[in-house]
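Student: Here you go, final.txt (compact mmCIF, C-alpha atoms):
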```txt
# COMPACT_ATOMS: atom_id res chain seq x y z
CA MET A 1 -35.98 8.21 -13.00
CA ASN A 2 -37.95 6.38 -15.72
CA LEU A 3 -35.78 8.02 -18.34
CA LEU A 4 -32.62 7.28 -16.38
CA ARG A 5 -33.29 3.56 -16.03
CA PRO A 6 -32.80 2.59 -19.73
CA LEU A 7 -29.69 4.75 -19.89
CA ILE A 8 -28.18 3.02 -16.85
CA GLY A 9 -29.31 -0.36 -18.24
CA LYS A 10 -27.51 0.38 -21.51
CA GLU A 11 -24.28 1.23 -19.67
CA ILE A 12 -24.47 -1.85 -17.45
CA GLN A 13 -25.31 -4.17 -20.34
CA GLU A 14 -22.05 -3.16 -22.00
CA ASP A 15 -20.23 -4.85 -19.12
CA PHE A 16 -21.88 -8.21 -19.68
CA ARG A 17 -23.08 -8.41 -23.28
CA SER A 18 -20.33 -6.66 -25.21
CA ALA A 19 -17.01 -8.27 -26.12
CA ARG A 20 -15.28 -5.27 -24.52
CA GLY A 21 -16.95 -5.95 -21.18
CA ALA A 22 -16.08 -9.63 -21.29
CA PHE A 23 -12.51 -8.80 -22.26
CA PHE A 24 -12.18 -6.41 -19.31
CA LEU A 25 -13.49 -8.93 -16.80
CA VAL A 26 -11.27 -11.73 -18.08
CA VAL A 27 -8.18 -9.50 -18.17
CA ALA A 28 -8.88 -8.23 -14.65
CA ALA A 29 -9.25 -11.80 -13.37
CA LEU A 30 -6.08 -12.86 -15.21
CA VAL A 31 -4.06 -9.98 -13.71
CA LEU A 32 -5.19 -10.97 -10.22
CA SER A 33 -4.54 -14.66 -10.99
CA VAL A 34 -1.02 -14.00 -12.26
CA PHE A 35 -0.24 -11.99 -9.14
CA ALA A 36 -1.72 -14.65 -6.85
CA VAL A 37 0.31 -17.40 -8.57
CA LEU A 38 3.41 -15.22 -8.29
CA LEU A 39 2.80 -14.90 -4.56
CA VAL A 40 2.73 -18.63 -3.99
CA SER A 41 5.35 -19.68 -6.52
CA ASN A 42 8.06 -17.25 -5.41
CA THR A 43 9.80 -18.51 -2.27
CA GLU A 44 10.33 -15.12 -0.69
CA LEU A 45 6.88 -13.81 -1.57
CA SER A 46 5.22 -16.98 -0.26
CA LEU A 47 6.71 -16.22 3.15
CA LEU A 48 5.17 -12.77 3.21
CA ASP A 49 2.86 -12.05 6.04
CA ASN A 50 -0.80 -12.58 5.04
CA ALA A 51 -1.61 -8.96 5.73
CA GLN A 52 1.21 -7.85 3.44
CA ALA A 53 -0.10 -10.10 0.67
CA VAL A 54 -3.66 -8.78 1.12
CA TYR A 55 -2.37 -5.19 1.03
CA MET A 56 -0.46 -5.85 -2.21
CA MET A 57 -3.49 -7.52 -3.77
CA ALA A 58 -5.75 -4.64 -2.66
CA GLY A 59 -3.28 -2.13 -4.14
CA ILE A 60 -3.45 -3.89 -7.50
CA VAL A 61 -7.26 -3.85 -7.36
CA ILE A 62 -7.23 -0.08 -6.67
CA ALA A 63 -4.81 0.52 -9.56
CA LEU A 64 -6.96 -1.61 -11.91
CA ALA A 65 -10.09 0.22 -10.76
CA ALA A 66 -8.52 3.64 -11.42
CA LEU A 67 -7.33 2.50 -14.85
CA VAL A 68 -10.75 1.12 -15.80
CA ALA A 69 -12.44 4.30 -14.53
CA VAL A 70 -10.19 6.45 -16.74
CA LEU A 71 -10.74 4.16 -19.76
CA ARG A 72 -14.51 4.08 -19.40
CA GLY A 73 -14.76 7.73 -18.46
CA SER A 74 -12.70 8.76 -21.52
CA ASP A 75 -14.99 6.73 -23.74
CA GLY A 76 -18.10 8.16 -22.06
CA PHE A 77 -18.87 11.16 -24.26
CA ALA A 78 -15.84 11.43 -26.56
CA GLY A 79 -16.24 7.80 -27.66
CA GLU A 80 -19.96 8.29 -28.35
CA ARG A 81 -19.09 11.46 -30.25
CA GLU A 82 -16.55 9.60 -32.42
CA ARG A 83 -18.98 6.75 -33.08
CA GLU A 84 -21.60 9.42 -33.92
CA THR A 85 -24.01 8.00 -31.36
CA LEU A 86 -24.02 11.04 -29.06
CA GLU A 87 -26.25 13.16 -31.31
CA PRO A 88 -29.16 10.65 -31.28
CA LEU A 89 -28.81 10.45 -27.50
CA LEU A 90 -29.03 14.24 -27.24
CA LEU A 91 -32.19 14.20 -29.32
CA THR A 92 -33.94 12.20 -26.58
CA PRO A 93 -35.42 14.02 -23.58
CA ALA A 94 -32.37 12.94 -21.58
CA THR A 95 -30.36 15.94 -20.43
CA GLY A 96 -26.58 16.10 -20.28
CA HIS A 97 -26.73 15.68 -16.51
CA ARG A 98 -28.81 12.53 -16.80
CA LEU A 99 -26.46 11.08 -19.39
CA ALA A 100 -23.48 11.88 -17.15
CA TRP A 101 -25.20 10.36 -14.13
CA ALA A 102 -26.00 7.16 -16.09
CA LYS A 103 -22.46 6.87 -17.38
CA LEU A 104 -20.99 7.48 -13.93
CA LEU A 105 -23.25 4.78 -12.47
CA GLY A 106 -22.09 2.48 -15.28
CA ILE A 107 -18.47 3.10 -14.27
CA LEU A 108 -19.32 2.47 -10.62
CA PHE A 109 -21.04 -0.75 -11.65
CA SER A 110 -17.83 -1.83 -13.42
CA TRP A 111 -15.98 -1.15 -10.18
CA LEU A 112 -18.52 -3.20 -8.23
CA THR A 113 -17.97 -6.10 -10.64
CA LEU A 114 -14.19 -5.83 -10.24
CA PHE A 115 -14.56 -5.65 -6.46
CA ILE A 116 -16.70 -8.82 -6.41
CA LEU A 117 -14.13 -10.54 -8.66
CA ALA A 118 -11.35 -9.55 -6.24
CA ILE A 119 -12.96 -10.94 -3.06
CA PRO A 120 -12.06 -14.62 -3.70
CA TYR A 121 -8.45 -13.60 -4.35
CA LEU A 122 -8.30 -11.58 -1.14
CA TRP A 123 -9.76 -14.52 0.75
CA ALA A 124 -7.27 -16.94 -0.86
CA VAL A 125 -4.21 -14.96 0.19
CA GLY A 126 -5.46 -13.58 3.48
CA SER A 127 -8.02 -15.80 5.15
CA THR A 128 -5.56 -17.05 7.77
CA GLY A 129 -4.16 -13.60 8.48
CA GLN A 130 -5.30 -10.44 10.16
CA ASN A 131 -7.82 -7.76 9.14
CA LEU A 132 -9.31 -9.50 6.09
CA PHE A 133 -12.82 -8.17 6.73
CA ALA A 134 -11.49 -4.65 7.37
CA ALA A 135 -9.39 -4.94 4.20
CA ILE A 136 -12.46 -5.79 2.11
CA LEU A 137 -14.53 -3.02 3.71
CA TYR A 138 -11.91 -0.31 3.24
CA LEU A 139 -11.06 -1.55 -0.26
CA PHE A 140 -14.71 -1.00 -1.16
CA LEU A 141 -14.76 2.46 0.42
CA ALA A 142 -11.45 3.68 -0.98
CA GLY A 143 -12.06 2.04 -4.36
CA THR A 144 -15.49 3.65 -4.73
CA LEU A 145 -14.08 7.10 -3.95
CA ILE A 146 -11.12 6.60 -6.33
CA VAL A 147 -13.37 5.38 -9.14
CA LEU A 148 -15.73 8.30 -8.52
CA SER A 149 -12.83 10.77 -8.71
CA PHE A 150 -10.97 9.32 -11.69
CA GLY A 151 -14.04 8.17 -13.61
CA GLY A 152 -15.89 11.44 -12.99
CA ALA A 153 -12.88 13.53 -14.01
CA ALA A 154 -12.40 11.50 -17.20
CA LEU A 155 -16.12 11.87 -17.99
CA ALA A 156 -15.96 15.64 -17.44
CA LEU A 157 -12.95 15.88 -19.75
CA SER A 158 -14.72 13.63 -22.24
CA ALA A 159 -17.70 15.98 -22.29
CA ARG A 160 -15.46 18.91 -23.21
CA MET A 161 -12.83 17.35 -25.47
CA LYS A 162 -13.56 16.13 -28.97
CA THR A 163 -11.52 12.96 -29.30
CA PHE A 164 -11.36 9.78 -27.23
CA LYS A 165 -7.58 9.58 -27.76
CA GLY A 166 -7.07 13.08 -26.41
CA VAL A 167 -9.09 12.41 -23.25
CA LEU A 168 -7.43 9.04 -22.75
CA SER A 169 -3.91 10.46 -23.11
CA LEU A 170 -4.64 13.23 -20.62
CA GLY A 171 -6.39 10.85 -18.22
CA LEU A 172 -3.59 8.29 -18.27
CA THR A 173 -0.97 11.02 -17.83
CA VAL A 174 -2.75 12.33 -14.73
CA LEU A 175 -3.12 8.78 -13.40
CA LEU A 176 0.60 8.13 -13.94
CA LEU A 177 1.54 11.43 -12.31
CA LEU A 178 -0.55 10.65 -9.25
CA GLY A 179 0.64 7.06 -9.17
CA SER A 180 4.36 7.72 -9.61
CA PRO A 181 5.13 9.11 -6.12
CA VAL A 182 3.50 6.02 -4.66
CA LEU A 183 5.75 3.80 -6.75
CA LEU A 184 8.82 5.62 -5.40
CA GLY A 185 8.37 3.95 -2.03
CA PRO A 186 7.63 5.26 1.44
CA SER A 187 11.21 6.30 2.29
CA LEU A 188 11.27 8.98 -0.41
CA ARG A 189 7.95 10.34 0.84
CA GLN A 190 9.17 11.10 4.35
CA SER A 191 10.23 14.69 3.63
CA ALA A 192 7.86 17.57 4.34
CA VAL A 193 7.16 18.06 0.63
CA GLY A 194 6.64 14.32 0.21
CA ARG A 195 4.17 14.25 3.08
CA VAL A 196 2.16 17.14 1.67
CA LEU A 197 2.11 15.53 -1.78
CA ASP A 198 1.05 12.29 -0.16
CA LEU A 199 -1.77 14.04 1.65
CA VAL A 200 -3.20 15.79 -1.40
CA ASN A 201 -2.84 12.81 -3.72
CA PRO A 202 -6.08 10.78 -3.68
CA PHE A 203 -4.32 7.68 -5.04
CA ALA A 204 -1.74 7.81 -2.24
CA ALA A 205 -4.52 8.47 0.28
CA ALA A 206 -6.28 5.26 -0.84
CA LEU A 207 -3.12 3.14 -0.61
CA ASN A 208 -2.07 4.66 2.71
CA THR A 209 -5.53 3.94 4.10
CA LEU A 210 -5.22 0.29 3.08
CA ASP A 211 -1.69 0.11 4.50
CA SER A 212 -2.84 1.62 7.78
CA VAL A 213 -5.89 -0.66 8.10
CA ILE A 214 -4.47 -3.95 6.86
CA ILE A 215 -0.87 -3.90 8.03
CA ASP A 216 -0.89 -1.54 11.00
CA SER A 217 -4.38 -2.55 12.23
CA GLN A 218 -5.35 1.08 12.79
CA GLY A 219 -8.99 2.05 13.25
CA LEU A 220 -11.36 4.52 11.62
CA SER A 221 -10.08 7.55 13.53
CA TRP A 222 -6.69 7.16 11.79
CA GLN A 223 -8.36 7.10 8.40
CA LEU A 224 -10.65 10.13 8.75
CA LEU A 225 -8.27 12.67 7.22
CA ARG A 226 -7.41 10.45 4.26
CA LEU A 227 -11.07 9.57 3.70
CA ALA A 228 -11.92 13.28 3.90
CA VAL A 229 -9.31 14.00 1.20
CA MET A 230 -10.83 11.35 -1.08
CA VAL A 231 -14.40 12.52 -0.38
CA SER A 232 -13.35 16.11 -1.18
CA TYR A 233 -11.94 15.00 -4.52
CA GLY A 234 -15.12 13.04 -5.21
CA LEU A 235 -17.34 16.04 -4.47
CA ALA A 236 -15.14 18.42 -6.50
CA VAL A 237 -15.23 16.04 -9.46
CA LEU A 238 -19.03 15.69 -9.21
CA TRP A 239 -19.35 19.45 -9.31
CA TRP A 240 -16.98 19.62 -12.30
CA LEU A 241 -18.95 16.92 -14.12
CA TYR A 242 -22.19 18.79 -13.42
CA ALA A 243 -20.71 21.98 -14.87
CA ALA A 244 -19.15 20.20 -17.87
CA THR A 245 -22.36 18.45 -18.92
CA ARG A 246 -24.64 21.48 -18.59
CA ARG A 247 -24.44 21.95 -22.34
CA LEU A 248 -23.25 18.98 -24.34
CA GLU A 249 -22.22 19.42 -27.94
CA PRO A 250 -22.59 16.53 -30.39
CA MET B 1 71.78 3.76 46.81
CA LYS B 2 69.59 0.76 47.35
CA VAL B 3 67.24 2.86 49.46
CA LEU B 4 67.01 5.44 46.70
CA ARG B 5 66.18 2.74 44.12
CA LEU B 6 63.55 1.29 46.41
CA LYS B 7 62.04 4.73 46.95
CA GLY B 8 62.07 5.38 43.21
CA LEU B 9 60.38 2.03 42.54
CA THR B 10 57.81 2.71 45.23
CA LEU B 11 57.10 6.12 43.73
CA ILE B 12 56.63 4.60 40.27
CA ILE B 13 54.30 1.93 41.67
CA VAL B 14 52.28 4.54 43.59
CA LEU B 15 52.02 6.81 40.56
CA ALA B 16 51.05 3.93 38.28
CA SER B 17 48.43 2.77 40.77
CA ALA B 18 47.07 6.28 41.07
CA TRP B 19 46.85 6.56 37.28
CA LEU B 20 45.14 3.19 37.03
CA ILE B 21 42.63 4.05 39.75
CA PHE B 22 41.98 7.71 39.05
CA GLY B 23 42.64 7.83 35.31
CA PRO B 24 39.25 6.54 34.18
CA MET B 25 37.50 8.55 36.85
CA ALA B 26 39.31 11.64 35.63
CA ALA B 27 38.16 10.84 32.13
CA LEU B 28 34.62 10.42 33.43
CA ALA B 29 34.96 13.70 35.22
CA GLY B 30 35.74 15.50 31.95
CA ASP B 31 33.17 17.62 30.22
CA HIS B 32 32.23 14.91 27.69
CA PRO B 33 29.30 12.64 28.26
CA VAL B 34 30.21 8.97 28.37
CA LEU B 35 27.56 6.77 26.88
CA ARG B 36 26.80 3.09 27.16
CA VAL B 37 24.33 1.35 24.88
CA SER B 38 22.85 -2.10 25.12
CA LEU B 39 20.14 -4.09 23.40
CA GLN B 40 18.24 -7.09 24.73
CA ALA B 41 16.43 -9.68 22.63
CA PRO B 42 12.92 -10.79 23.63
CA ALA B 43 12.61 -14.08 25.44
CA GLY B 44 11.33 -17.18 23.68
CA ALA B 45 11.42 -18.48 20.12
CA LEU B 46 10.58 -16.15 17.28
CA LYS B 47 8.64 -17.02 14.15
CA MET B 48 7.53 -15.15 11.07
CA GLY B 49 4.67 -12.75 11.60
CA ASP B 50 5.62 -12.08 15.24
CA THR B 51 6.09 -8.48 16.34
CA PRO B 52 8.67 -8.72 19.14
CA ASN B 53 10.17 -5.79 21.00
CA PHE B 54 13.91 -5.48 21.51
CA LEU B 55 14.67 -3.49 24.65
CA GLY B 56 17.31 -0.84 24.08
CA ALA B 57 19.02 1.15 26.82
CA VAL B 58 21.24 4.20 26.47
CA THR B 59 22.98 5.32 29.68
CA ASN B 60 24.90 8.51 30.24
CA LEU B 61 27.83 7.64 32.54
CA GLY B 62 29.37 11.08 32.35
CA PRO B 63 28.84 14.06 34.65
CA GLN B 64 27.42 16.25 31.91
CA PRO B 65 24.06 15.85 30.19
CA ALA B 66 24.18 14.54 26.64
CA GLN B 67 22.16 16.40 24.04
CA GLY B 68 20.89 15.67 20.55
CA LEU B 69 21.67 11.97 20.59
CA VAL B 70 20.60 9.97 17.57
CA VAL B 71 19.87 6.32 18.22
CA TYR B 72 19.22 3.93 15.39
CA LEU B 73 18.70 0.26 14.83
CA SER B 74 20.61 -1.87 12.34
CA LEU B 75 19.46 -5.25 11.15
CA VAL B 76 21.63 -7.69 9.23
CA SER B 77 20.92 -11.08 7.76
CA LEU B 78 23.47 -13.60 9.05
CA ALA B 79 22.54 -16.42 6.69
CA PRO B 80 25.85 -18.15 5.92
CA GLY B 81 27.01 -17.06 2.49
CA ASP B 82 24.24 -14.50 2.15
CA GLU B 83 25.06 -11.92 4.80
CA HIS B 84 23.55 -8.57 3.95
CA PRO B 85 21.97 -5.51 5.56
CA VAL B 86 18.19 -5.58 5.76
CA ASP B 87 15.95 -2.62 4.92
CA LEU B 88 13.98 -1.96 8.09
CA GLU B 89 11.22 -0.29 6.09
CA ASP B 90 9.94 -3.71 5.06
CA TRP B 91 9.95 -4.86 8.67
CA SER B 92 7.74 -1.98 9.85
CA ALA B 93 10.40 -1.15 12.39
CA GLN B 94 11.10 2.19 14.02
CA LYS B 95 14.43 3.02 12.44
CA ALA B 96 15.77 5.94 14.46
CA VAL B 97 14.93 8.26 17.32
CA ARG B 98 16.43 11.46 18.62
CA ILE B 99 17.00 11.90 22.33
CA ASP B 100 16.93 15.62 23.06
CA ARG B 101 18.65 15.39 26.43
CA LEU B 102 19.99 12.59 28.59
CA ASN B 103 21.03 13.72 32.04
CA SER B 104 24.04 12.41 33.86
CA SER B 105 23.51 8.87 35.21
CA ALA B 106 20.14 8.68 33.44
CA THR B 107 19.12 5.79 31.20
CA ASP B 108 16.76 5.99 28.25
CA PHE B 109 14.88 2.70 27.89
CA ARG B 110 13.06 2.15 24.63
CA ASN B 111 11.30 -0.73 22.92
CA TRP B 112 12.34 -1.32 19.34
CA GLY B 113 9.50 -3.25 17.73
CA MET B 114 9.53 -4.89 14.35
CA ARG B 115 7.38 -7.27 12.34
CA LEU B 116 9.32 -10.38 11.39
CA ILE B 117 8.65 -10.93 7.72
CA ALA B 118 11.39 -13.39 6.77
CA SER B 119 12.92 -16.48 8.30
CA GLY B 120 16.58 -17.22 9.01
CA LYS B 121 19.43 -15.98 11.15
CA PHE B 122 19.61 -12.27 11.84
CA GLY B 123 21.51 -9.88 14.05
CA VAL B 124 20.41 -6.53 15.38
CA ALA B 125 22.46 -3.75 16.97
CA LEU B 126 21.77 -0.32 18.37
CA THR B 127 24.00 2.65 17.56
CA VAL B 128 24.19 5.98 19.37
CA VAL B 129 25.61 9.01 17.66
CA ASP B 130 26.65 11.88 19.93
CA PRO B 131 27.15 14.96 17.75
CA ARG B 132 30.09 16.05 19.93
CA GLU B 133 31.93 12.74 19.65
CA PRO B 134 33.88 11.56 16.61
CA ARG B 135 32.86 7.92 17.00
CA PRO B 136 29.41 6.38 17.27
CA ILE B 137 28.87 3.87 20.06
CA VAL B 138 27.47 0.52 19.05
CA SER B 139 25.89 -2.10 21.27
CA ASP B 140 26.81 -5.76 21.10
CA LEU B 141 25.23 -7.55 18.14
CA VAL B 142 22.16 -9.45 19.31
CA PRO B 143 21.77 -12.57 17.18
CA PHE B 144 18.37 -14.21 16.82
CA GLU B 145 16.70 -16.79 14.63
CA ILE B 146 13.26 -16.60 13.03
CA GLN B 147 11.42 -19.81 12.33
CA PRO B 148 9.67 -19.97 8.94
CA LYS B 149 5.91 -19.94 8.66
CA VAL B 150 4.31 -20.59 5.30
CA THR B 151 1.53 -18.05 5.18
CA LEU B 152 0.28 -18.44 1.63
CA VAL B 153 -1.07 -21.88 0.92
CA ALA B 154 -0.87 -22.92 -2.72
CA GLY B 155 -3.78 -25.31 -2.20
CA ARG B 156 -6.05 -22.39 -1.45
CA VAL B 157 -4.67 -19.82 -3.91
CA LEU B 158 -4.34 -21.93 -7.06
CA PRO B 159 -8.00 -23.06 -7.33
CA VAL B 160 -9.09 -19.42 -7.20
CA ALA B 161 -6.32 -18.22 -9.55
CA ILE B 162 -7.13 -20.85 -12.17
CA GLY B 163 -10.84 -21.27 -11.53
CA GLU B 164 -12.07 -17.70 -11.59
CA PRO B 165 -10.92 -16.68 -15.11
CA LEU B 166 -12.20 -20.02 -16.42
CA LEU B 167 -15.54 -19.52 -14.70
CA ILE B 168 -15.91 -16.04 -16.21
CA LEU B 169 -15.10 -17.36 -19.69
CA ILE B 170 -17.66 -20.18 -19.30
CA LEU B 171 -20.30 -17.75 -18.00
CA PHE B 172 -19.79 -15.43 -20.98
CA ALA B 173 -19.88 -18.32 -23.43
CA VAL B 174 -23.18 -19.52 -21.91
CA LEU B 175 -24.64 -15.99 -21.93
CA ARG B 176 -23.68 -15.46 -25.57
CA PHE B 177 -25.07 -18.87 -26.51
CA PHE B 178 -28.46 -18.11 -24.97
CA HIS B 179 -28.45 -14.56 -26.35
CA ALA B 180 -27.75 -15.88 -29.85
CA GLY B 181 -30.54 -18.44 -29.43
CA TYR B 182 -32.93 -15.71 -28.28
CA LYS B 183 -32.04 -13.59 -31.33
CA CYS B 184 -32.75 -16.53 -33.65
CA ARG B 185 -36.19 -17.06 -32.09
CA THR B 186 -37.29 -13.40 -32.28
CA ASN B 187 -37.54 -10.80 -35.01
CA HIS B 188 -35.88 -7.39 -34.80
CA ASN B 189 -38.84 -6.06 -32.75
CA GLY B 190 -38.38 -8.77 -30.15
CA GLU B 191 -41.53 -10.62 -31.29
CA ARG B 192 -41.45 -14.41 -31.11
CA LEU B 193 -41.13 -16.29 -34.43
CA ASP B 194 -42.94 -19.64 -34.48
CA SER B 195 -42.38 -22.41 -37.01
CA ASN B 196 -45.35 -21.25 -39.17
CA GLY B 197 -44.38 -17.59 -39.09
```
Could you write out this structure as structure tokens?
Tutor:
Amino acid sequence: MNLLRPLIGKEIQEDFRSARGAFFLVVAALVLSVFAVLLVSNTELSLLDNAQAVYMMAGIVIALAALVAVLRGSDGFAGERERETLEPLLLTPATGHRLAWAKLLGILFSWLTLFILAIPYLWAVGSTGQNLFAAILYLFLAGTLIVLSFGGAALALSARMKTFKGVLSLGLTVLLLLGSPVLLGPSLRQSAVGRVLDLVNPFAAALNTLDSVIIDSQGLSWQLLRLAVMVSYGLAVLWWLYAATRRLEP
Amino acid sequence: MKVLRLKGLTLIIVLASAWLIFGPMAALAGDHPVLRVSLQAPAGALKMGDTPNFLGAVTNLGPQPAQGLVVYLSLVSLAPGDEHPVDLEDWSAQKAVRIDRLNSSATDFRNWGMRLIASGKFGVALTVVDPREPRPIVSDLVPFEIQPKVTLVAGRVLPVAIGEPLLILILFAVLRFFHAGYKCRTNHNGERLDSNG
């Protein structure tokens, strides 16, 4: 643990000290601000039910979180390798697993920061509506599992692939593939194939959970299957990351 | 001759009366189910965010059971000059149901709920499609009006939307300022430099 602490500290410091971290936080806040202003300035959107507005805001937060997880995960090992800073790290007593664990915690910390940033926005659009507390709780749960899955997968790829660009391209392609059926709208997902794809897609599972909790006011028992799907992806990715970082090459 | 005319006229009147009285009954007695559909609006004023139920009823007036009926709801905006069909998906409404079997003289009552997400004048109708009949049967259009309710308050959203990015920028500027000051006061090993050193 003593060895892990400076590694985690280094990852977390990047969020607050580096220009990249500051840029990410400001951009995330600006994206949420632009959407919030759009909600109140557009006549039709301003008449949306509070729950609908909270759901849309939560969906944007989940999408941002997945994107940031892929970006940071891609940079995890491949970026260090390109900057030639991975070799000195491997010369320390830190093992590949410890490095992966520290980097994954760094990504989760980024998510926690984004989540805290999002709370005032959720309150602003949804404090007079229904299910705001449940929305925040399930956003945290679903977001953590999504970030674990996408960030962990990007880190595992990053440990195996040589270039940051390669990992990033692959990561973003997978994210787009998983996100595209969701963008098609619910009506196109009503077929049997659509339902199966919806069930096995962790991104869709997260959004459907939020939809079910915030808009339809459904309880935990309705969410168990979707949460189980996301937890399964999280566990599978953790195992993959463990296997990928057993032997790290500089 | 007059008697014959009178008899003929009487016969025509009797036959016409018989057709008028027994014609529809004969039609009812055919092997086709005869359906009636109606829709009833909820009582009281409606406003945005409400989730009212419209009570639909499908009755089989025929002697034979009806099978495989498809019943669906249609919603239209009746705003003058902007009449258009409304996608029920956005209104979280149940769009269609299938009734496997509706016995003779039986009525299928069903609540058609929806979340009202926009204000204005709307009309809703229920349609029944019997696969054995060439024409669907449509209920009367039920008009209703939804009162607006402003749910997103600019006075609450704008301070957060403008304030939060500004606050983050200020926080980072302050952090960098103090970090730069700390760097100036220490050497590369983190040891403090005093004015004599």
Student: What lies within 9 Å of Leu241 (chain A) using only C-alpha atoms, ignoring chain neighbours under 2 positions off, as a short mmCIF file (atom, residue, chain, number, x, y, z; two decimals) with C-alpha atoms, keeping the file's coordinate frame?
Tutor:
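Written out: out_36.cif:
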```
data_model
loop_
_atom_site.label_atom_id
_atom_site.label_comp_id
_atom_site.auth_asym_id
_atom_site.auth_seq_id
_atom_site.Cartn_x
_atom_site.Cartn_y
_atom_site.Cartn_z
CA HIS A 97 -26.73 15.68 -16.51
CA ALA A 100 -23.48 11.88 -17.15
CA GLY A 152 -15.89 11.44 -12.99
CA ALA A 153 -12.88 13.53 -14.01
CA LEU A 155 -16.12 11.87 -17.99
CA ALA A 156 -15.96 15.64 -17.44
CA LEU A 157 -12.95 15.88 -19.75
CA ALA A 159 -17.70 15.98 -22.29
CA ALA A 236 -15.14 18.42 -6.50
CA VAL A 237 -15.23 16.04 -9.46
CA LEU A 238 -19.03 15.69 -9.21
CA TRP A 239 -19.35 19.45 -9.31
CA ALA A 243 -20.71 21.98 -14.87
CA ALA A 244 -19.15 20.20 -17.87
CA THR A 245 -22.36 18.45 -18.92
CA ARG A 246 -24.64 21.48 -18.59
#
```
Student: At a cut-off of 8 Å, list the chain B residues touching chain A, using all atoms listed in the file, as a ChimeraX atom specification.
Tutor: /B:48-49,89,117-118,148-154,156-158,160-162,164-165,168-169,172,175-176
Student: Using only C-alpha atoms, can you tell me which of A:Arg247, A:Arg226, A:Arg160, A:Arg5 comes closest to Ile146 (chain A)?
Tutor: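 Smallest separation from Ile146 (chain A) among the options: A:Arg226.
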Student: Distance CA of Val86 (chain B)-CA of Leu126 (chain B), one decimal place?
Tutor: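 About the pair CA of Val86 (chain B) and CA of Leu126 (chain B): they are 14.1 Å apart.
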Student: Contacts of Leu55 (chain B) at 8 Å or less, counting only C-alpha atoms, minus same-chain residues fewer than 4 places along, as a list in words?
Tutor: Leu39, Gln40, Ala41, Pro42, Phe109, Arg110, Asn111 and Trp112 of chain B
Student: Neighbours of Ser139 (chain B) within 10 Å (all atoms listed in the file; same-chain residues fewer than 5 positions away dropped), as a list in words?
Tutor: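 Within the cut-off, the hits are Arg36, Val37, Ser38, Leu39, Gln40, Gly56, Ala57, Val58, Leu73, Val124, Ala125, Leu126, Thr127 and Val128 of chain B.
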Student: Just checking: using all atoms listed in the file, which residue out of A:Ala58, A:Val193, A:Ile8, A:Ala154 ends up closest to Ala94 (chain A)?
Tutor: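 Distance minimum relative to Ala94 (chain A) lands on A:Ile8.
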Student: Please measure the separation of CA of Pro250 (chain A) and CA of Thr85 (chain A), giving the value in Å to one decimal.
Tutor: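 Value for the CA of Pro250 (chain A)-CA of Thr85 (chain A) distance: 8.7 Å.
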Student: Quick one, how far is CA of Thr144 (chain A) from CA of Ala228 (chain A)?
Tutor: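 Those two atoms sit 13.4 Å apart.
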Student: Would you pick out the contacts of Ala205 (chain A) at 10 Å or less, using all atoms listed in the file, so that residues sharing its chain but fewer than 5 positions from it are not included, and give the list as a ChimeraX atom specification?
Tutor: /A:142,146,182,197-200,210-211,223,225-230
Student: Which residue out of A:Ala134, A:Leu71, A:Leu139, A:Leu7 has the minimum interatomic distance to Leu105 (chain A) when only C-alpha atoms are used?
Tutor: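 The shortest atom-to-atom distance to Leu105 (chain A) comes from A:Leu7.
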Student: Nearest to Thr107 (chain B): which of B:Ser77, B:Gln94, B:Thr59, B:Gln147 is it, counting only C-alpha atoms?
Tutor: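 Under the stated criterion, the closest residue is B:Thr59.
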Student: Output, as AutoDock Vina command-line options, the centre and edge lengths in Å (one decimal) of the axis-aligned box that contains all listed atoms of region 151-170 of chain B with 4 Å of margin on each side.
Tutor:
```
--center_x -8.1 --center_y -20.7 --center_z -7.3 --size_x 27.2 --size_y 17.3 --size_z 32.9
```
Student: Counting all atoms listed in the file, which residue out of A:Gly76, A:Ala63, A:Phe115, A:Arg98 sits closest to Leu178 (chain A)?
Tutor: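 Closest candidate: A:Ala63.
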Student: Could you give me, as an NGL selection string, the residues that sit within 10 Å of (-7.6, 1.2, -5.4) in the file's coordinates, counting all atoms listed in the file?
Tutor: :A and (57-67 or 111 or 115 or 138-147 or 202-207 or 210)
Student: Taking the block above, write region 156-161 of chain B with N, CA and C atoms as a PDB file, in the first residue's frame.
Tutor:
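Output file part_7.pdb follows:
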```pdb
ATOM      1  N   ARG B 156     -32.801  29.652 -11.568  1.00  0.00           N
ATOM      2  CA  ARG B 156     -32.060  28.645 -10.803  1.00  0.00           C
ATOM      3  C   ARG B 156     -30.966  27.999 -11.664  1.00  0.00           C
ATOM      4  N   VAL B 157     -31.237  27.880 -12.972  1.00  0.00           N
ATOM      5  CA  VAL B 157     -30.287  27.185 -13.849  1.00  0.00           C
ATOM      6  C   VAL B 157     -29.105  28.091 -14.226  1.00  0.00           C
ATOM      7  N   LEU B 158     -29.409  29.339 -14.569  1.00  0.00           N
ATOM      8  CA  LEU B 158     -28.348  30.223 -15.085  1.00  0.00           C
ATOM      9  C   LEU B 158     -27.207  30.481 -14.090  1.00  0.00           C
ATOM     10  N   PRO B 159     -27.495  30.734 -12.798  1.00  0.00           N
ATOM     11  CA  PRO B 159     -26.367  30.931 -11.872  1.00  0.00           C
ATOM     12  C   PRO B 159     -25.419  29.734 -11.838  1.00  0.00           C
ATOM     13  N   VAL B 160     -25.975  28.533 -11.911  1.00  0.00           N
ATOM     14  CA  VAL B 160     -25.117  27.337 -11.905  1.00  0.00           C
ATOM     15  C   VAL B 160     -24.364  27.242 -13.225  1.00  0.00           C
ATOM     16  N   ALA B 161     -25.087  27.462 -14.342  1.00  0.00           N
ATOM     17  CA  ALA B 161     -24.474  27.303 -15.673  1.00  0.00           C
ATOM     18  C   ALA B 161     -23.352  28.305 -15.900  1.00  0.00           C
TER      19      ALA B 161
END
```
